[in-house]
file model-v1.csv (CSV, C-alpha atoms)
chain,number,residue,atom,x,y,z
A,161,MET,CA,10.3,-9.6,6.2
A,162,PRO,CA,8.6,-6.2,5.5
A,163,GLN,CA,7.9,-4.0,8.5
A,164,CYS,CA,4.7,-2.2,9.1
A,165,SER,CA,4.8,0.5,11.7
A,166,ALA,CA,1.5,2.2,12.3
A,167,LYS,CA,0.8,5.0,14.8
A,168,LYS,CA,-1.4,3.8,17.6
A,169,ASN,CA,-4.6,5.6,18.3
A,170,SER,CA,-5.4,5.5,22.0
A,171,SER,CA,-9.0,6.4,21.4
A,172,ASN,CA,-9.6,3.3,19.4
A,173,SER,CA,-8.2,0.3,21.1
A,174,ALA,CA,-10.1,-2.3,19.0
A,175,ILE,CA,-8.5,-3.3,15.7
A,176,HIS,CA,-10.4,-1.5,12.9
A,177,GLN,CA,-10.8,-3.5,9.7
A,178,THR,CA,-12.4,-2.2,6.5
A,179,ASN,CA,-13.6,-3.9,3.4
A,180,LEU,CA,-11.2,-2.8,0.6
A,181,LYS,CA,-13.4,-3.6,-2.4
A,182,GLY,CA,-14.1,-0.5,-4.5
A,183,ARG,CA,-11.6,1.7,-2.6
A,184,HIS,CA,-9.5,4.4,-4.4
A,185,ILE,CA,-5.8,4.6,-3.8
A,186,LEU,CA,-3.3,7.2,-4.9
A,187,LEU,CA,0.0,5.5,-5.7
A,188,ALA,CA,3.2,7.7,-5.9
A,189,GLU,CA,5.9,5.5,-7.4
A,190,ASP,CA,8.7,6.5,-9.8
A,191,VAL,CA,9.7,3.0,-11.0
A,192,GLN,CA,7.2,1.9,-13.6
A,193,ILE,CA,7.5,-1.9,-13.0
A,194,ASN,CA,6.9,-1.4,-9.3
A,195,ALA,CA,3.8,0.7,-10.1
A,196,GLU,CA,2.5,-2.0,-12.4
A,197,ILE,CA,3.0,-4.7,-9.8
A,198,MET,CA,1.4,-2.7,-7.1
A,199,THR,CA,-1.6,-1.9,-9.3
A,200,MET,CA,-2.1,-5.6,-10.1
A,201,VAL,CA,-1.8,-6.5,-6.4
A,202,LEU,CA,-4.4,-3.9,-5.4
A,203,ALA,CA,-6.7,-5.1,-8.2
A,204,MET,CA,-6.7,-8.5,-6.6
A,205,ARG,CA,-8.8,-6.9,-3.9
A,206,GLU,CA,-10.8,-4.8,-6.4
A,207,ILE,CA,-9.1,-1.6,-5.3
A,208,THR,CA,-8.7,1.1,-8.0
A,209,CYS,CA,-5.4,2.9,-8.2
A,210,ASP,CA,-4.3,6.2,-9.7
A,211,HIS,CA,-0.6,6.2,-10.4
A,212,VAL,CA,1.7,9.3,-10.3
A,213,HIS,CA,5.5,9.4,-10.7
A,214,ASN,CA,6.7,11.7,-8.0
A,215,GLY,CA,5.7,13.6,-4.9
A,216,ARG,CA,4.8,16.8,-6.8
A,217,GLU,CA,2.4,14.9,-9.0
A,218,ALA,CA,0.9,13.2,-5.9
A,219,ILE,CA,0.2,16.6,-4.4
A,220,ASP,CA,-1.4,17.9,-7.6
A,221,LYS,CA,-3.5,14.8,-8.1
A,222,PHE,CA,-4.7,14.9,-4.4
A,223,ILE,CA,-5.6,18.6,-4.7
A,224,ALA,CA,-7.4,18.0,-8.0
A,225,SER,CA,-9.6,15.3,-6.4
A,226,ASN,CA,-12.7,15.9,-4.4
A,227,ALA,CA,-12.2,15.6,-0.6
A,228,GLY,CA,-12.7,12.0,0.4
A,229,TYR,CA,-12.2,10.6,-3.1
A,230,TYR,CA,-9.0,8.8,-2.1
A,231,ASP,CA,-9.1,6.3,0.7
A,232,ALA,CA,-5.3,6.2,1.1
A,233,ILE,CA,-2.0,7.2,-0.4
A,234,LEU,CA,0.8,4.8,-1.0
A,235,MET,CA,3.9,7.0,-1.1
A,236,ASP,CA,7.4,5.9,-2.2
A,237,ILE,CA,10.0,7.8,-0.3
A,238,ARG,CA,12.7,8.2,-2.9
A,239,MET,CA,11.4,9.8,-6.0
A,240,PRO,CA,12.7,12.4,-8.5
A,241,GLU,CA,11.5,16.1,-8.3
A,242,MET,CA,10.0,15.7,-4.8
A,243,ASP,CA,10.4,12.8,-2.4
A,244,GLY,CA,7.6,11.2,-0.4
A,245,LEU,CA,8.5,12.8,2.9
A,246,GLU,CA,8.2,16.4,1.5
A,247,ALA,CA,5.0,15.5,-0.4
A,248,THR,CA,3.5,14.1,2.8
A,249,THR,CA,4.3,17.1,4.8
A,250,ILE,CA,2.7,19.4,2.1
A,251,ILE,CA,-0.4,17.2,1.9
A,252,ARG,CA,-0.8,17.3,5.7
A,253,ASP,CA,-0.6,21.1,5.7
A,254,LEU,CA,-3.3,21.5,3.0
A,255,ASP,CA,-6.4,23.4,4.0
A,256,ARG,CA,-9.0,20.7,3.2
A,257,SER,CA,-11.0,18.3,5.3
A,258,ASP,CA,-9.2,15.1,4.4
A,259,ALA,CA,-5.6,16.3,4.3
A,260,LYS,CA,-4.8,15.6,7.9
A,261,THR,CA,-6.7,12.3,8.1
A,262,ILE,CA,-6.1,10.4,4.8
A,263,PRO,CA,-3.9,7.4,5.6
A,264,ILE,CA,-0.5,7.8,4.0
A,265,ILE,CA,1.7,4.7,3.9
A,266,ALA,CA,5.4,4.8,3.1
A,267,LEU,CA,6.8,2.4,0.6
A,268,THR,CA,10.5,2.2,0.7
A,269,ALA,CA,13.6,0.0,0.6
A,270,ASN,CA,14.8,1.9,3.6
A,271,ALA,CA,13.8,-0.2,6.7
A,272,PHE,CA,16.1,1.2,9.4
A,273,ASP,CA,14.4,2.5,12.6
A,274,GLU,CA,15.6,6.0,11.6
A,275,ASP,CA,13.8,5.7,8.3
A,276,VAL,CA,10.6,4.6,10.0
A,277,GLN,CA,10.8,7.5,12.4
A,278,LEU,CA,11.4,10.0,9.5
A,279,SER,CA,8.3,8.8,7.7
A,280,LEU,CA,6.1,8.9,10.8
A,281,GLN,CA,7.4,12.4,11.7
A,282,ALA,CA,6.5,13.6,8.2
A,283,GLY,CA,2.9,12.6,8.9
A,284,MET,CA,2.8,9.1,7.4
A,285,ASN,CA,0.6,6.5,9.2
A,286,ALA,CA,2.6,3.4,8.4
A,287,HIS,CA,5.9,2.3,6.8
A,288,LEU,CA,6.2,-0.8,4.5
A,289,SER,CA,9.5,-2.0,3.4
A,290,LYS,CA,10.2,-3.1,-0.2
A,291,PRO,CA,9.7,-5.7,-1.5
A,292,ILE,CA,6.2,-5.2,-0.3
A,293,ASP,CA,4.5,-8.2,1.4
A,294,ASN,CA,0.9,-8.3,0.1
A,295,ASP,CA,-0.5,-9.4,3.5
A,296,ALA,CA,1.3,-6.5,5.3
A,297,LEU,CA,0.0,-4.1,2.7
A,298,PHE,CA,-3.6,-5.3,2.9
A,299,SER,CA,-3.4,-5.4,6.7
A,300,ALA,CA,-2.2,-1.8,6.9
A,301,LEU,CA,-4.9,-0.6,4.5
A,302,GLU,CA,-7.6,-2.5,6.4
A,303,ALA,CA,-6.5,-1.1,9.7
A,304,LEU,CA,-6.1,2.5,8.5
A,305,ILE,CA,-9.0,3.1,6.2
A,306,LYS,CA,-12.1,4.2,7.9

call {"tool": "encode", "arguments": {"input": "model-v1.csv", "output": "structure tokens"}}
result
Amino acid sequence: MPQCSAKKNSSNSAIHQTNLKGRHILLAEDVQINAEIMTMVLAMREITCDHVHNGREAIDKFIASNAGYYDAILMDIRMPEMDGLEATTIIRDLDRSDAKTIPIIALTANAFDEDVQLSLQAGMNAHLSKPIDNDALFSALEALIK
């Protein structure tokens, strides 16, 4: 069963849920079929998705967008050119208003505790194991998007 590990926010003890209709997601996924499936899954909840193939493209696409345009980033961990951990660290270090707060969710086949810790240390907010469970994905998005 996929695992979702989200950082706890002590200042917000109530569970925060958000309507996902009309939200914009940046998807970094190098495997085309996985990206197509994820795009279809997101479309079921009327979420639009911009797909990039690696971490470098994710950074470029995020920088090219207006602050606040993307509601979350779904970031594969293992990608060519630049992996998701490095891309997340760079995004978090950007000097723009949403770089430190945008929810970034790891998508990976690596589900060991060490993998979850690495993604959280890089600045990701949650870790979902592949194959992605749709309910876990939507729960994470609802809880993390403000």

call {"tool": "closest_residue", "arguments": {"input": "model-v1.csv", "among": "A:Ile292, A:Leu278, A:Ile262, A:Ala269", "to": "A:Ala232", "atoms": "all atoms listed in the file"}}
result
A:Ile262

call {"tool": "closest_residue", "arguments": {"input": "model-v1.csv", "among": "A:Val276, A:Ala259, A:Ile207, A:Ala296", "to": "A:Asn179", "atoms": "all atoms listed in the file"}}
result
A:Ile207

call {"tool": "residues_near_point", "arguments": {"input": "model-v1.csv", "point": "(-4.3, -7.6, 4.8)", "cutoff": "12 Å", "atoms": "only C-alpha atoms", "output": "ChimeraX atom specification"}}
result
/A:164,176-180,201-202,204-205,292-305

call {"tool": "closest_residue", "arguments": {"input": "model-v1.csv", "among": "A:Ala188, A:Cys209, A:Ala227, A:Ala286", "to": "A:Ala247", "atoms": "only C-alpha atoms"}}
result
A:Ala188

call {"tool": "residues_around", "arguments": {"input": "model-v1.csv", "residues": "A:Leu234", "least_positions_apart": "2", "cutoff": "7 Å", "atoms": "only C-alpha atoms", "output": "ChimeraX atom specification"}}
result
/A:186-188,232,236,264-267

call {"tool": "atom_distance", "arguments": {"input": "model-v1.csv", "atom1": "atom CA of A:Arg252", "atom2": "atom CA of A:Lys306"}}
result
17.4 Å
